[in-house]
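One structure is given here, and the rest of the page talks about it.
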Amino acid sequence: MQPERLPPLPEEERRLRKKNNLPVFLLAGVVIGLLGFGMNRLMTSPDSSGAGNTAAVVAPATTDHLTQSQIHARAEQFARQAVYAVRSVPPEEVQQRVEAMPLDAAAKWQLQNQLLQPVSATENIVPQTGAAPATAATIPAGAGARLVELTLWDDVAQDGDVVMVTSAGYSQQVNLMHAPQTLAFPTITGSPVTITGVHDGGGGITLGFTGSGVPVALPVLAEGQSIDLYLQ
């Protein structure tokens with residue numbers, strides 16, 4: 001038995017059905033477009049500055065990026081300068097500046113006496129906090145001890161570089177920042193101030209120093225590496 005075939009729809013009825021389905025197709029297109037736009041917004045949501053940020057992209061941390069020629073130029077500049085002129089703290093300011101140093105009361109009193117009224121015997125200066133010098137340094141009587149100002153900063157990227165400054169038996173750790181820091185250190189005539197790299201935030205430890213009244217780009221240091229500054 002052959003299945004019964006339905007008679008073809010009249011031409012007018014077919015035309016009406018196509019016309020009635022048109023809004024459905026348009027609505028489906030709008031929905032698909034909105035879904036696609038929403039997914040794009042999720043993948044590239046704007047940040048506070050209005051720029052789109054792709055979720056998979058992570059901004060790299062700021063580190064020092066110096067070329068070998070720049071590193072070499074800094075080392076050459078430092079080698080050409082034998083002695084740097086720095087400001088000596090005048091006697092009327094010594095007590096105030098020593099009080100601000102991270103020393104215990106006994107060490108502060110001892111240092112003030114050595115700077116203002118040198119004693120006859122050699123004595124050690126031991127910092128209260130931070131790493132101590134590898135060997136104990138002393139300030140002999142009549143050695144020309146004075147308190148000077150050292151201005152240091154990170155002259156490339158502020159990436160967490162840290163140095164240790166050691167002079168006349170006194171050591172202080174300095175976290176380098178873009179903003180210059182002026183610190184007081186005791187010095188002995190003819191003996192250098194030693195700067196040692198403690199932590200490298202990336203790309204080498206970069207520091208600027210004010211010497212002889214002008215900014216100086218000191219050599220790039222590695223952790224544990226030291227340079228000596230001779231001051232006048």
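Each chain of the structure tokens is named A, B, ... in the order shown, its residues numbered from 1; ligands are numbered from 1 in display order.
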Could you name the residues that touch region 191-202 of chain A at 8 Å or less, counting only C-alpha atoms, but leaving out those on the same chain fewer than 6 positions away, as a VMD selection string?
chain A and resid 63 to 64 159 to 168 221 to 231
Point-to-point distance from CA of Leu152 (chain A) to CA of Tyr84 (chain A), Å rounded to tenths
13.6 Å
Residue contacts of Leu183 (chain A) (7 Å, only C-alpha atoms) excluding same-chain residues fewer than 6 positions away, as a ChimeraX atom specification:
/A:149-151
With N, CA and C atoms retained, write the just-selected residues as a PDB file, in the first residue's frame.
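The new file out11.pdb reads:
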```
ATOM      1  N   GLU A 149      78.097  63.381  54.589  1.00  0.00           N
ATOM      2  CA  GLU A 149      76.793  63.056  54.003  1.00  0.00           C
ATOM      3  C   GLU A 149      76.994  62.299  52.694  1.00  0.00           C
ATOM      4  N   LEU A 150      76.325  61.166  52.582  1.00  0.00           N
ATOM      5  CA  LEU A 150      76.305  60.398  51.339  1.00  0.00           C
ATOM      6  C   LEU A 150      74.889  60.391  50.798  1.00  0.00           C
ATOM      7  N   THR A 151      74.724  60.788  49.549  1.00  0.00           N
ATOM      8  CA  THR A 151      73.412  60.797  48.905  1.00  0.00           C
ATOM      9  C   THR A 151      73.387  59.690  47.853  1.00  0.00           C
TER      10      THR A 151
END
```
For region 74-79 of chain A, please output as JSON, numbers by chain all residues within 8 Å (counting only C-alpha atoms; exclusion window: fewer than 4 positions along the same chain).
{"A": [70, 216, 217, 218, 219, 220]}
What's the separation between CA of Leu116 (chain A) and CA of Gly169 (chain A), in Å to one decimal place?
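Those two atoms sit 17.2 Å apart.
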Would you list the contacts of Ala179 (chain A) as a ChimeraX atom specification, taking every protein, DNA or RNA residue within 12 Å and counting only C-alpha atoms, but skipping same-chain residues closer than 4 positions in sequence?
/A:151-158,175,207-209
